[in-house]
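Asks: Can you read through this structure? Questions will come right after.
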Amino acid sequence: MKLNMFRKKMSKMAGLLLVLLPAVVSAEFKLSEYQYYKDIKGSGKGNFYLKLDRDIYAHGNQFFHDLRVVDKNNKEQKYDISRVSDKRVVEEKDLPLKVVFRKGNTFVLDRGLDAGYVDKLMVKTSSVNFSRVADVYGSNLKDSRYERLTDRGGDLIAISPAKRDLEIKFKYTDHRFLKVVFSGSEGDFKVDDFYIRKKVAETEPGIKEKIELSFESRLLSDGKQEVLIIVPADNLPLESFIVKTAQKDFERPITLYASNNREASIYHPGERYDSKKDYWVRKYSGTFSAKVYYDDQSFRVADNKKYYLLIIDNGDNDPLDILEVKGERYPDILYLNNLDFSKNSYRLYYGNPLAKKANYDLSSFKRDLNQELILSKEVKNPLYKAPAKKLGEDKPYLIYIFIVLLVIILLWFVYKILKEEANKDLEDDDYVDKL
């Protein structure tokens, strides 16, 4: 009984404490919460795309959570963002083989120089209802020294209502010439062609752009060379660097670092780490080389820092003469569907540090690259109002004071409840004594 009463009172006390705690309320989308916008210029109607520019990287969220596209009535237009990177595609292809000799049921096929290893080939034919045994031999000479590649029984190929098999299998080989001998007489059989079905890897190029980067080069006291590379915009993501030198035949050890502070320090193992300092982050360690048969070398960085530091160990050699440094990047592409510039106008808003990522249904969204849009110059939103600072944001000690007060109130309530229970126990004891 007493335990139940205690629980009820504690429950009421917890409800009171919840009232005292500040509530978090999510606000609806408002243009006044966005510091910048750009007008979107285009014509016609349909699906479009645009490339995000340096202003958006500098003033927007680096993960693009604060991007909002609206029409003239301030209605949001859903979008998708992605990078069109190089894509490695592996697909099966039929590579035809050249027939260099044919007599009766014997064929000699030329695979060419450096054709690689194979263990099967395909027959192309318009014949039906037949079967044949195929024996395969290999050689690097067209007319002699053939080695048997199939088993003594050969490999059966056939087309019938119950079977279709035009693949001839044999021992793994890299012979240039293959001799195929067919035997058997079931049904009519005519060879139209031979080919090898092979998986071929190809690279589909993405949308890549190069930008000029400024740099400063100087010699260090230990003979090493330091090259400070400066990116022309804040938060601009780069995929790699291309460094061009006057020298054409060298090989030097290098280390590449990244930071947003050009005065950052390089941390050396064994020294004491200072948490108050900015340190360069190592991005790459390896070799920088240039040969007479190519002009420059690319270094992968995959970062969005403002400064990069290249340390070159020249040893006892003369320092390298750096001619230029370029950055390679895949621009971020923003896709828009079903716009109509003949009836509407559109703007891109950004610069809201409190915005959450838009949650659009993109299940049927189309990512077309046929109509590109242009962004205007950056405009500061005259309706923008900076968000009011939350409790304790400018005076963090208030949070601690608030917590201490809550603890005091909680202890006071617990004290009152325990005291009340103790008084009831005394009253019950007095009642029993009187009886």
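Simple scheme: letters A, B, ... for chains in structure tokens order, numbers from 1 for residues in each chain, numbers from 1 for ligands in the order shown.
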Which stretch 174-216 of chain A residues have any atom within 12 Å of an atom of stretch 232-251 of chain A, and for each, what is the nearest pair of atoms with distance in Å to one decimal, counting only C-alpha atoms, rows sorted by chain and number, as CSV?
Replies:
```
residue,atom,partner,partner_atom,distance
A:Lys208,CA,A:Glu239,CA,9.4
A:Glu209,CA,A:Leu238,CA,9.9
A:Lys210,CA,A:Ile242,CA,9.2
A:Ile211,CA,A:Pro232,CA,9.0
A:Glu212,CA,A:Pro232,CA,8.4
A:Leu213,CA,A:Pro232,CA,6.8
A:Ser214,CA,A:Pro232,CA,7.8
A:Phe215,CA,A:Val243,CA,10.6
```
Asks: Hey, can you spit out that residue selection with N, CA and C atoms as a CSV table (one decimal), in the first residue's frame?
Replies:
```
chain,number,residue,atom,x,y,z
A,208,LYS,N,34.2,15.1,-65.6
A,208,LYS,CA,35.3,15.6,-64.8
A,208,LYS,C,35.8,17.0,-65.3
A,209,GLU,N,36.2,17.8,-64.4
A,209,GLU,CA,36.7,19.1,-64.7
A,209,GLU,C,38.0,19.4,-64.1
A,210,LYS,N,38.9,20.2,-64.7
A,210,LYS,CA,40.2,20.6,-64.1
A,210,LYS,C,40.1,22.1,-63.8
A,211,ILE,N,40.8,22.4,-62.6
A,211,ILE,CA,40.8,23.8,-62.2
A,211,ILE,C,42.3,24.2,-61.9
A,212,GLU,N,42.7,25.4,-62.2
A,212,GLU,CA,44.0,25.9,-61.9
A,212,GLU,C,44.2,26.1,-60.4
A,213,LEU,N,45.3,25.7,-59.8
A,213,LEU,CA,45.5,25.9,-58.4
A,213,LEU,C,46.8,26.7,-58.3
A,214,SER,N,46.8,27.7,-57.4
A,214,SER,CA,48.0,28.4,-57.1
A,214,SER,C,48.9,27.7,-56.1
A,215,PHE,N,50.2,27.9,-56.1
A,215,PHE,CA,51.1,27.2,-55.2
A,215,PHE,C,52.3,28.1,-54.9
```
Asks: Kindly provide the residues of stretch 109-135 of chain A that approach stretch 189-193 of chain A to within 8 Å, each paired with its closest atom pair and their distance in Å to one decimal, based on only C-alpha atoms, listed by chain and increasing number, as JSON lines.
Replies:
```
{"residue": "A:Val123", "atom": "CA", "partner": "A:Asp193", "partner_atom": "CA", "distance": 6.1}
{"residue": "A:Lys124", "atom": "CA", "partner": "A:Asp193", "partner_atom": "CA", "distance": 4.9}
{"residue": "A:Thr125", "atom": "CA", "partner": "A:Asp192", "partner_atom": "CA", "distance": 5.0}
{"residue": "A:Ser126", "atom": "CA", "partner": "A:Asp192", "partner_atom": "CA", "distance": 7.2}
{"residue": "A:Ser127", "atom": "CA", "partner": "A:Phe189", "partner_atom": "CA", "distance": 5.5}
{"residue": "A:Val128", "atom": "CA", "partner": "A:Phe189", "partner_atom": "CA", "distance": 7.6}
{"residue": "A:Phe130", "atom": "CA", "partner": "A:Phe189", "partner_atom": "CA", "distance": 6.4}
```
Asks: Filtering to N, CA, C and O atoms, could you give me those residues as an mmCIF file, in the first residue's frame?
Replies:
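Saved result, again-v1.cif, follows:
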```cif
data_model
loop_
_atom_site.group_PDB
_atom_site.id
_atom_site.type_symbol
_atom_site.label_atom_id
_atom_site.label_comp_id
_atom_site.auth_asym_id
_atom_site.auth_seq_id
_atom_site.Cartn_x
_atom_site.Cartn_y
_atom_site.Cartn_z
ATOM 1 N N VAL A 123 30.601 -21.454 -81.779
ATOM 2 C CA VAL A 123 30.353 -21.617 -83.211
ATOM 3 C C VAL A 123 29.069 -20.874 -83.562
ATOM 4 O O VAL A 123 28.052 -21.005 -82.873
ATOM 5 N N LYS A 124 29.129 -20.086 -84.621
ATOM 6 C CA LYS A 124 27.924 -19.429 -85.112
ATOM 7 C C LYS A 124 27.445 -20.162 -86.349
ATOM 8 O O LYS A 124 28.198 -20.349 -87.310
ATOM 9 N N THR A 125 26.182 -20.592 -86.343
ATOM 10 C CA THR A 125 25.640 -21.345 -87.466
ATOM 11 C C THR A 125 24.143 -21.121 -87.573
ATOM 12 O O THR A 125 23.468 -20.857 -86.570
ATOM 13 N N SER A 126 23.644 -21.219 -88.796
ATOM 14 C CA SER A 126 22.193 -21.138 -89.024
ATOM 15 C C SER A 126 21.588 -22.525 -89.168
ATOM 16 O O SER A 126 20.376 -22.658 -89.373
ATOM 17 N N SER A 127 22.408 -23.556 -89.056
ATOM 18 C CA SER A 127 21.936 -24.937 -89.190
ATOM 19 C C SER A 127 21.149 -25.349 -87.953
ATOM 20 O O SER A 127 21.386 -24.848 -86.845
ATOM 21 N N VAL A 128 20.218 -26.284 -88.159
ATOM 22 C CA VAL A 128 19.415 -26.831 -87.054
ATOM 23 C C VAL A 128 19.389 -28.351 -87.187
ATOM 24 O O VAL A 128 19.687 -28.916 -88.250
ATOM 25 N N PHE A 130 21.255 -30.951 -85.810
ATOM 26 C CA PHE A 130 22.516 -31.610 -86.159
ATOM 27 C C PHE A 130 23.303 -31.884 -84.880
ATOM 28 O O PHE A 130 22.994 -31.344 -83.805
#
```
Asks: In terms of the shortest atom-to-atom distance over only C-alpha atoms, which of A:Ser131, A:Ser139, A:Asn337, A:Asn344 is closest to A:Leu362?
Replies: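 Nearest to A:Leu362: A:Asn337.
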Asks: Could you write out, as a ChimeraX atom specification, all the residues of stretch 310-399 of chain A that DSSP marks as strand (DSSP E or B)?
Replies: /A:310-312,322-329,332-340,346-350,372,374-375,379-380
Asks: Tell me, as a list in words, which residues lie within 12 Å of A:Lys75, counting only C-alpha atoms; anything in the same chain fewer than 2 positions away does not count.
Replies: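 Listed by chain and then number, they are Phe29, Lys30, Leu31, Arg68, Val69, Val70, Asp71, Lys72, Asn73, Gln77, Lys78, Asn344, Ser345, Tyr346, Arg347 and Leu348 of chain A.
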Asks: Which polymer residues have any atom within 8 Å of an atom of stretch 258-267 of chain A, counting only C-alpha atoms, with same-chain residues fewer than 5 positions away left out, as a list in words?
Replies: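 The neighbour list is Tyr273, Lys277, Asp278, Tyr279, Trp280, Val281, Arg282, Lys283, Lys305, Lys306, Tyr307, Tyr308 and Leu309 of chain A.
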Asks: If you measure from atom CA of A:Arg148 to atom CA of A:Arg132, what distance in Å do you get, rounded to one decimal?
Replies: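 Computing the Euclidean distance for atom CA of A:Arg148 and atom CA of A:Arg132 yields 17.7 Å.
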Asks: Skipping near chain neighbours, those fewer than 5 positions away, what residues fall within 12 Å of stretch 113-117 of chain A using only C-alpha atoms, listed as a ChimeraX atom specification?
Replies: /A:95,97,138,140-141,170-178,196,198
Asks: Just want the 7 Å neighbourhood of A:Leu121, counted on only C-alpha atoms, with same-chain residues fewer than 2 positions away dropped. Output as a ChimeraX atom specification.
Replies: /A:123,167-169,195-197
Asks: Could you dump the residues just selected with N, CA, C and O atoms as a PDB file, in the first residue's frame?
Replies:
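out.pdb written:
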```pdb
ATOM      1  N   VAL A 123      30.601 -21.454 -81.779  1.00  0.00           N
ATOM      2  CA  VAL A 123      30.353 -21.617 -83.211  1.00  0.00           C
ATOM      3  C   VAL A 123      29.069 -20.874 -83.562  1.00  0.00           C
ATOM      4  O   VAL A 123      28.052 -21.005 -82.873  1.00  0.00           O
ATOM      5  N   GLU A 167      29.007 -24.444 -77.767  1.00  0.00           N
ATOM      6  CA  GLU A 167      30.245 -24.068 -77.081  1.00  0.00           C
ATOM      7  C   GLU A 167      31.235 -25.229 -77.130  1.00  0.00           C
ATOM      8  O   GLU A 167      30.914 -26.352 -76.725  1.00  0.00           O
ATOM      9  N   ILE A 168      32.422 -24.966 -77.625  1.00  0.00           N
ATOM     10  CA  ILE A 168      33.473 -25.982 -77.706  1.00  0.00           C
ATOM     11  C   ILE A 168      34.468 -25.723 -76.589  1.00  0.00           C
ATOM     12  O   ILE A 168      35.103 -24.660 -76.540  1.00  0.00           O
ATOM     13  N   LYS A 169      34.634 -26.697 -75.686  1.00  0.00           N
ATOM     14  CA  LYS A 169      35.526 -26.548 -74.540  1.00  0.00           C
ATOM     15  C   LYS A 169      36.821 -27.304 -74.782  1.00  0.00           C
ATOM     16  O   LYS A 169      36.841 -28.355 -75.422  1.00  0.00           O
ATOM     17  N   TYR A 195      33.643 -17.370 -82.688  1.00  0.00           N
ATOM     18  CA  TYR A 195      33.907 -16.219 -81.827  1.00  0.00           C
ATOM     19  C   TYR A 195      34.181 -16.698 -80.404  1.00  0.00           C
ATOM     20  O   TYR A 195      33.849 -17.838 -80.031  1.00  0.00           O
ATOM     21  N   ILE A 196      34.799 -15.826 -79.637  1.00  0.00           N
ATOM     22  CA  ILE A 196      35.063 -16.090 -78.226  1.00  0.00           C
ATOM     23  C   ILE A 196      34.188 -15.160 -77.402  1.00  0.00           C
ATOM     24  O   ILE A 196      34.176 -13.947 -77.626  1.00  0.00           O
ATOM     25  N   ARG A 197      33.446 -15.732 -76.463  1.00  0.00           N
ATOM     26  CA  ARG A 197      32.617 -14.928 -75.553  1.00  0.00           C
ATOM     27  C   ARG A 197      33.461 -14.634 -74.325  1.00  0.00           C
ATOM     28  O   ARG A 197      33.846 -15.544 -73.584  1.00  0.00           O
TER      29      ARG A 197
END
```
